[in-house]
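Below you'll find the structure, written out as structure tokens, and then a few comments.
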Amino acid sequence: GLCGFSEVININGVSDVLYHLALGTSTHDLPAMFGDVKFVCVGGSSRRMKAFARFMAAELGLPDAEADPPNICAGTDRYAMYKAGPVLSVSHGIGVPSICVVLHELLKLLHHARCTDVTVIRIGTSGGIGLEPGTVVVTQQAVDGAFQPRFEQMILGRPVVRGTELDGGLVAELLLCGRELSQFETVAGNTMCTMDFYEGQARLDGAFCCFSERDKQEYLARAYEAGVRNIEMEALVLAAMCKLGGLQAAVVCVTLLDRLQGDQLSGSHELLESFQQRPQRLVGLFIRKRLQASGSV
């Protein structure tokens, strides 16, 4: 059926406002600002994505790598955006609705800026299943709470289901980078994306819980059998939208705990902070190798 970029962004002369990014076609020169972007890295926290932009500036040997990068979306407090050469680092908040909004506007931004060959990568945190905390999971397939590779959304009052396949070649490339780093365990596995942090992820410690520890363990065992190795809240819509837009995409998340052992984080703040840097290091190496291969660095 009919599905493509919306009409408003294809009509010359019509202003397009990227409201939640505080950017627009009539207020900003988007090709000049973003035309060189080859990698869009997104993650939940604005602080983490600022740190990632600084990390990438140092990795790529950019001038002023030590300086704080300016927030390109300073006109709004919804999302934050930083740029390090060809790498855009953007916060997406928490959950499917929040990342869905920013992805719509990021895809339009890339279109307006006439970017080509862009790779989108979510770097984040997750709960692991049967993995040592600190393991980095490269998502093979994003699945829903019933372990199905599908993203369902109500559009015009009807459920619309979209596929969530991710690029197998990109998964292999990222796993290779993990092996090359050899600083932590990197594995491929299915990632379960839920609409909630508590009941939706079989946690017993939310405000409400209508199931037992045994129910939870049986469900997580079924998830493991289905190839699920970690749980988070954004992978489904990222996979679905990037597939729809013809963009290569990946999800790289560190596990902060093994959900088979409990529901709450018990590691020290310092340990959890060090875990959160692992996807950044892996993706940083991947980007550097890609740019070297293309002769860009």
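Residues are referred to by chain and number: the chain letter is A, B, ... according to the order shown in the structure tokens, the number counts from 1 in that chain, and ligands are numbered separately from 1 in the order shown.
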Tell me, as JSON, numbers by chain, which residues lie within 9 Å of A:Ala240, counting only C-alpha atoms; anything in the same chain fewer than 4 positions away does not count. {"A": [142, 150, 151, 162, 163, 164, 165, 166, 235, 236, 244, 245]}
Based on DSSP run over this structure's backbone, return all residues of stretch 11-48 of chain A in helix (DSSP H, G or I), as a PyMOL selection string. chain A and resi 19-21+30-34+46-48
May I ask which of the residues A:Tyr19, A:Phe147, A:Phe208, A:Phe52 is the closest one to A:Ala226, counting only C-alpha atoms?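 For A:Ala226, the nearest of the candidates is A:Phe147.
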Using only C-alpha atoms, which protein or nucleic acid residues come within 12 Å of A:Leu30? Drop anything in the same chain fewer than 6 positions from it, and give the result as a list of chain:residue names. A:Asp16, A:Val17, A:Leu18, A:Leu23, A:Gly24, A:Asp36, A:Val37, A:Ile72, A:Leu106, A:Lys108, A:Leu109, A:Leu110, A:His111, A:His112, A:Ala113, A:Arg114, A:Cys115
Just write the chosen residues, all heavy atoms, as a tab-separated table (two decimals), in the first residue's frame.
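This went into part.tsv:
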```tsv
chain	number	residue	atom	x	y	z
A	16	ASP	N	8.70	23.08	6.91
A	16	ASP	CA	8.48	21.92	7.78
A	16	ASP	C	9.12	22.21	9.13
A	16	ASP	O	10.33	22.44	9.22
A	16	ASP	CB	9.09	20.66	7.14
A	16	ASP	CG	8.73	19.39	7.90
A	16	ASP	OD1	7.76	19.43	8.69
A	16	ASP	OD2	9.43	18.38	7.72
A	17	VAL	N	8.33	22.23	10.17
A	17	VAL	CA	8.82	22.50	11.52
A	17	VAL	C	9.04	21.19	12.25
A	17	VAL	O	8.12	20.39	12.41
A	17	VAL	CB	7.82	23.37	12.31
A	17	VAL	CG1	8.32	23.62	13.72
A	17	VAL	CG2	7.58	24.69	11.58
A	18	LEU	N	10.28	20.96	12.68
A	18	LEU	CA	10.61	19.79	13.50
A	18	LEU	C	10.47	20.23	14.95
A	18	LEU	O	11.43	20.54	15.64
A	18	LEU	CB	12.03	19.31	13.18
A	18	LEU	CG	12.33	19.09	11.69
A	18	LEU	CD1	13.77	18.64	11.47
A	18	LEU	CD2	11.37	18.08	11.08
A	23	LEU	N	13.88	22.79	15.44
A	23	LEU	CA	14.54	23.05	14.16
A	23	LEU	C	13.46	23.17	13.09
A	23	LEU	O	12.32	22.74	13.30
A	23	LEU	CB	15.48	21.90	13.79
A	23	LEU	CG	16.69	21.66	14.71
A	23	LEU	CD1	17.34	20.32	14.38
A	23	LEU	CD2	17.70	22.79	14.58
A	24	GLY	N	13.81	23.73	11.94
A	24	GLY	CA	12.83	23.84	10.86
A	24	GLY	C	13.49	24.22	9.56
A	24	GLY	O	14.60	24.76	9.53
A	36	ASP	N	26.64	16.33	6.25
A	36	ASP	CA	27.76	15.37	6.32
A	36	ASP	C	27.50	14.21	7.26
A	36	ASP	O	28.36	13.34	7.44
A	36	ASP	CB	29.05	16.09	6.74
A	36	ASP	CG	28.94	16.70	8.15
A	36	ASP	OD1	27.80	16.95	8.61
A	36	ASP	OD2	29.99	16.93	8.79
A	37	VAL	N	26.31	14.14	7.87
A	37	VAL	CA	26.01	13.10	8.87
A	37	VAL	C	25.94	11.72	8.21
A	37	VAL	O	25.23	11.52	7.22
A	37	VAL	CB	24.69	13.41	9.62
A	37	VAL	CG1	24.22	12.20	10.43
A	37	VAL	CG2	24.88	14.62	10.53
A	72	ILE	N	22.36	21.28	20.11
A	72	ILE	CA	21.73	21.85	18.91
A	72	ILE	C	20.23	22.08	19.14
A	72	ILE	O	19.63	22.95	18.52
A	72	ILE	CB	21.97	20.94	17.69
A	72	ILE	CG1	23.48	20.80	17.43
A	72	ILE	CG2	21.28	21.48	16.43
A	72	ILE	CD1	23.86	19.70	16.46
A	106	LEU	N	13.84	13.04	13.21
A	106	LEU	CA	15.21	12.78	12.74
A	106	LEU	C	15.22	12.28	11.30
A	106	LEU	O	16.07	12.68	10.50
A	106	LEU	CB	15.89	11.75	13.65
A	106	LEU	CG	16.43	12.26	14.98
A	106	LEU	CD1	16.91	11.11	15.84
A	106	LEU	CD2	17.57	13.27	14.75
A	108	LYS	N	13.01	12.97	9.02
A	108	LYS	CA	12.72	14.14	8.18
A	108	LYS	C	13.94	15.05	8.08
A	108	LYS	O	14.25	15.60	7.02
A	108	LYS	CB	11.52	14.91	8.73
A	108	LYS	CG	10.21	14.13	8.62
A	108	LYS	CD	8.99	15.04	8.63
A	108	LYS	CE	8.81	15.75	9.97
A	108	LYS	NZ	7.68	16.72	9.88
A	109	LEU	N	14.66	15.21	9.20
A	109	LEU	CA	15.87	16.04	9.20
A	109	LEU	C	16.89	15.49	8.20
A	109	LEU	O	17.47	16.24	7.41
A	109	LEU	CB	16.46	16.08	10.61
A	109	LEU	CG	17.70	16.96	10.83
A	109	LEU	CD1	17.72	17.50	12.25
A	109	LEU	CD2	18.99	16.19	10.58
A	110	LEU	N	17.12	14.18	8.23
A	110	LEU	CA	18.07	13.56	7.29
A	110	LEU	C	17.63	13.77	5.85
A	110	LEU	O	18.45	14.00	4.95
A	110	LEU	CB	18.20	12.06	7.59
A	110	LEU	CG	18.79	11.69	8.96
A	110	LEU	CD1	18.68	10.18	9.19
A	110	LEU	CD2	20.23	12.15	9.08
A	111	HIS	N	16.31	13.68	5.62
A	111	HIS	CA	15.76	13.91	4.28
A	111	HIS	C	16.02	15.35	3.83
A	111	HIS	O	16.52	15.59	2.73
A	111	HIS	CB	14.27	13.62	4.31
A	111	HIS	CG	13.57	13.91	3.02
A	111	HIS	ND1	13.57	13.03	1.96
A	111	HIS	CD2	12.84	14.98	2.62
A	111	HIS	CE1	12.87	13.55	0.96
A	111	HIS	NE2	12.42	14.73	1.33
A	112	HIS	N	15.68	16.31	4.69
A	112	HIS	CA	15.87	17.72	4.34
A	112	HIS	C	17.34	18.08	4.16
A	112	HIS	O	17.69	18.93	3.34
A	112	HIS	CB	15.28	18.63	5.43
A	112	HIS	CG	13.79	18.60	5.51
A	112	HIS	ND1	12.97	18.72	4.41
A	112	HIS	CD2	12.95	18.47	6.58
A	112	HIS	CE1	11.70	18.67	4.79
A	112	HIS	NE2	11.67	18.50	6.10
A	113	ALA	N	18.21	17.44	4.95
A	113	ALA	CA	19.65	17.74	4.88
A	113	ALA	C	20.33	17.01	3.73
A	113	ALA	O	21.53	17.19	3.50
A	113	ALA	CB	20.32	17.36	6.20
A	114	ARG	N	19.54	16.18	3.02
A	114	ARG	CA	20.05	15.41	1.86
A	114	ARG	C	21.21	14.49	2.24
A	114	ARG	O	22.19	14.35	1.51
A	114	ARG	CB	20.43	16.35	0.71
A	114	ARG	CG	19.25	17.18	0.20
A	114	ARG	CD	19.57	17.87	-1.10
A	114	ARG	NE	20.38	19.07	-0.95
A	114	ARG	CZ	19.90	20.26	-0.61
A	114	ARG	NH1	18.61	20.42	-0.41
A	114	ARG	NH2	20.71	21.30	-0.49
A	115	CYS	N	21.09	13.87	3.40
A	115	CYS	CA	22.10	12.92	3.86
A	115	CYS	C	21.97	11.61	3.08
A	115	CYS	O	20.88	11.24	2.65
A	115	CYS	CB	21.93	12.63	5.35
A	115	CYS	SG	22.16	14.09	6.39
```
Can you list, as an NGL selection string, every protein, DNA or RNA residue that comes within 7 Å of stretch 173-182 of chain A when you count only C-alpha atoms, leaving out same-chain residues fewer than 5 positions away? :A and (187 or 282 or 285-286)
How would the residues just chosen look if you wrote them out with N, CA, C and O atoms as an mmCIF file, in the first residue's frame?
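As a result, out.cif now contains:
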```cif
data_model
loop_
_atom_site.group_PDB
_atom_site.id
_atom_site.type_symbol
_atom_site.label_atom_id
_atom_site.label_comp_id
_atom_site.auth_asym_id
_atom_site.auth_seq_id
_atom_site.Cartn_x
_atom_site.Cartn_y
_atom_site.Cartn_z
ATOM 1 N N VAL A 187 27.630 -10.314 22.811
ATOM 2 C CA VAL A 187 26.881 -11.432 22.234
ATOM 3 C C VAL A 187 25.766 -10.898 21.333
ATOM 4 O O VAL A 187 25.356 -9.744 21.443
ATOM 5 N N LEU A 282 32.176 0.249 21.981
ATOM 6 C CA LEU A 282 32.001 -0.669 20.862
ATOM 7 C C LEU A 282 31.558 0.083 19.610
ATOM 8 O O LEU A 282 32.126 -0.092 18.526
ATOM 9 N N LEU A 285 34.324 2.281 18.110
ATOM 10 C CA LEU A 285 35.264 1.534 17.271
ATOM 11 C C LEU A 285 34.640 1.224 15.913
ATOM 12 O O LEU A 285 35.293 1.365 14.871
ATOM 13 N N PHE A 286 33.376 0.813 15.923
ATOM 14 C CA PHE A 286 32.672 0.512 14.671
ATOM 15 C C PHE A 286 32.677 1.727 13.736
ATOM 16 O O PHE A 286 32.984 1.619 12.540
#
```
Which residues, written as a list in words, have at least one atom at most 12 Å from A:Glu213, with only C-alpha atoms counted and residues fewer than 5 positions away on the same chain left out? Ala202, Arg203, Leu204, Asp205, Glu218, Tyr219, Leu220, Arg259, Leu260, Gln261, Gly262 and Asp263 of chain A
List the spatial neighbours of A:Val101 as a list in words - criterion: any atom at most 12 Å away, only C-alpha atoms, same-chain residues fewer than 2 positions off excluded.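 The contact residues come out as Leu18, Tyr19, His20, Leu21, Arg78, Tyr79, Ser91, His92, Gly93, Ile94, Gly95, Val96, Pro97, Ser98, Ile99, Leu103, His104, Glu105, Leu106, Leu107, Lys108, Glu234, Val237, Leu238 and Met241 of chain A.
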Contacts of A:Pro133 at 12 Å (only C-alpha atoms; same-chain gap of 3+ positions) as a VMD selection string: chain A and resid 125 to 130 136 to 137 184 to 186 229 to 230 253 to 262 265 to 267 271 to 272 274 to 276 278
Go ahead and write the selection's residues with C-alpha atoms as a short mmCIF file (atom, residue, chain, number, x, y, z; two decimals), in the first residue's frame.
```cif
data_model
loop_
_atom_site.label_atom_id
_atom_site.label_comp_id
_atom_site.auth_asym_id
_atom_site.auth_seq_id
_atom_site.Cartn_x
_atom_site.Cartn_y
_atom_site.Cartn_z
CA THR A 125 20.98 -0.14 28.82
CA SER A 126 18.82 -3.18 29.36
CA GLY A 127 17.99 -6.04 31.67
CA GLY A 128 19.70 -9.28 30.70
CA ILE A 129 18.30 -12.82 30.73
CA GLY A 130 20.84 -15.48 31.67
CA VAL A 136 26.79 -6.11 25.67
CA VAL A 137 23.97 -7.46 23.48
CA PHE A 184 33.94 -7.25 27.78
CA GLU A 185 31.59 -9.99 26.61
CA THR A 186 29.65 -9.11 23.45
CA ARG A 229 18.80 -12.18 25.82
CA ASN A 230 17.81 -8.72 26.99
CA CYS A 253 22.70 -2.38 24.79
CA VAL A 254 24.62 -3.34 27.91
CA THR A 255 22.86 -5.51 30.51
CA LEU A 256 22.82 -3.96 33.99
CA LEU A 257 21.50 -7.08 35.76
CA ASP A 258 20.37 -10.64 35.15
CA ARG A 259 16.57 -10.63 35.50
CA LEU A 260 16.61 -14.32 36.44
CA GLN A 261 18.38 -13.26 39.64
CA GLY A 262 16.23 -10.28 40.61
CA LEU A 265 19.81 -2.95 40.35
CA SER A 266 22.28 -3.80 43.09
CA GLY A 267 25.61 -2.72 41.54
CA LEU A 271 30.04 -0.02 38.32
CA LEU A 272 26.81 0.84 36.50
CA SER A 274 31.32 1.85 33.71
CA PHE A 275 28.86 -0.64 32.20
CA GLN A 276 27.06 2.19 30.38
CA ARG A 278 30.67 -0.24 27.02
#
```
Between atom CA of A:Gln292 and atom CA of A:Val90, distance in Å (one decimal):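 Here the two named atoms are 23.3 Å from each other.
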Could you please write out, as a VMD selection string, every residue of stretch 41-218 of chain A that DSSP assigns to strand (DSSP E)? chain A and resid 41 to 43 81 to 84 87 to 91 119 to 128 136 to 143 150 to 155 158 to 163 186 to 193
Can you spit out the residues from that selection as a PDB file, in the first residue's frame, using C-alpha atoms?
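After the write, out_6.pdb holds the following:
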```pdb
ATOM      1  CA  CYS A  41      23.357   7.401  17.503  1.00  0.00           C
ATOM      2  CA  VAL A  42      20.433   7.621  19.890  1.00  0.00           C
ATOM      3  CA  GLY A  43      20.091   6.805  23.581  1.00  0.00           C
ATOM      4  CA  MET A  81      21.282  16.734  20.163  1.00  0.00           C
ATOM      5  CA  TYR A  82      25.048  16.945  19.759  1.00  0.00           C
ATOM      6  CA  LYS A  83      27.281  16.615  16.698  1.00  0.00           C
ATOM      7  CA  ALA A  84      30.819  15.251  16.403  1.00  0.00           C
ATOM      8  CA  VAL A  87      28.171  11.559  14.052  1.00  0.00           C
ATOM      9  CA  LEU A  88      24.880  12.880  15.412  1.00  0.00           C
ATOM     10  CA  SER A  89      24.237  11.986  19.064  1.00  0.00           C
ATOM     11  CA  VAL A  90      20.602  12.397  20.149  1.00  0.00           C
ATOM     12  CA  SER A  91      18.643  11.594  23.317  1.00  0.00           C
ATOM     13  CA  THR A 119      23.419   4.198   9.804  1.00  0.00           C
ATOM     14  CA  VAL A 120      21.211   4.525  12.895  1.00  0.00           C
ATOM     15  CA  ILE A 121      22.321   2.897  16.159  1.00  0.00           C
ATOM     16  CA  ARG A 122      20.633   2.865  19.547  1.00  0.00           C
ATOM     17  CA  ILE A 123      23.151   2.621  22.382  1.00  0.00           C
ATOM     18  CA  GLY A 124      21.550   1.935  25.715  1.00  0.00           C
ATOM     19  CA  THR A 125      20.977  -0.135  28.824  1.00  0.00           C
ATOM     20  CA  SER A 126      18.822  -3.184  29.362  1.00  0.00           C
ATOM     21  CA  GLY A 127      17.992  -6.045  31.666  1.00  0.00           C
ATOM     22  CA  GLY A 128      19.700  -9.283  30.699  1.00  0.00           C
ATOM     23  CA  VAL A 136      26.791  -6.113  25.667  1.00  0.00           C
ATOM     24  CA  VAL A 137      23.972  -7.461  23.479  1.00  0.00           C
ATOM     25  CA  VAL A 138      23.841  -6.687  19.752  1.00  0.00           C
ATOM     26  CA  THR A 139      20.210  -7.187  18.746  1.00  0.00           C
ATOM     27  CA  GLN A 140      19.604  -9.844  16.098  1.00  0.00           C
ATOM     28  CA  GLN A 141      15.844  -9.366  16.109  1.00  0.00           C
ATOM     29  CA  ALA A 142      13.608  -6.961  18.026  1.00  0.00           C
ATOM     30  CA  VAL A 143      10.566  -8.792  19.420  1.00  0.00           C
ATOM     31  CA  ARG A 150       6.412  -7.196  14.983  1.00  0.00           C
ATOM     32  CA  PHE A 151       5.583  -3.621  15.953  1.00  0.00           C
ATOM     33  CA  GLU A 152       1.872  -2.925  16.210  1.00  0.00           C
ATOM     34  CA  GLN A 153       0.523   0.631  16.229  1.00  0.00           C
ATOM     35  CA  MET A 154      -2.987   2.062  16.026  1.00  0.00           C
ATOM     36  CA  ILE A 155      -3.247   4.254  12.909  1.00  0.00           C
ATOM     37  CA  ARG A 158      -6.867   0.305  13.019  1.00  0.00           C
ATOM     38  CA  PRO A 159      -3.922  -1.839  14.157  1.00  0.00           C
ATOM     39  CA  VAL A 160      -1.012  -1.587  11.714  1.00  0.00           C
ATOM     40  CA  VAL A 161       1.729  -4.211  12.037  1.00  0.00           C
ATOM     41  CA  ARG A 162       5.249  -3.551  10.763  1.00  0.00           C
ATOM     42  CA  GLY A 163       8.257  -5.843  10.552  1.00  0.00           C
ATOM     43  CA  THR A 186      29.649  -9.109  23.448  1.00  0.00           C
ATOM     44  CA  VAL A 187      26.881 -11.432  22.234  1.00  0.00           C
ATOM     45  CA  ALA A 188      24.102 -11.440  19.647  1.00  0.00           C
ATOM     46  CA  GLY A 189      20.558 -12.163  20.754  1.00  0.00           C
ATOM     47  CA  ASN A 190      16.934 -11.180  20.404  1.00  0.00           C
ATOM     48  CA  THR A 191      15.859  -8.076  22.304  1.00  0.00           C
ATOM     49  CA  MET A 192      12.401  -7.928  23.829  1.00  0.00           C
ATOM     50  CA  CYS A 193      10.896  -4.452  23.724  1.00  0.00           C
TER      51      CYS A 193
END
```
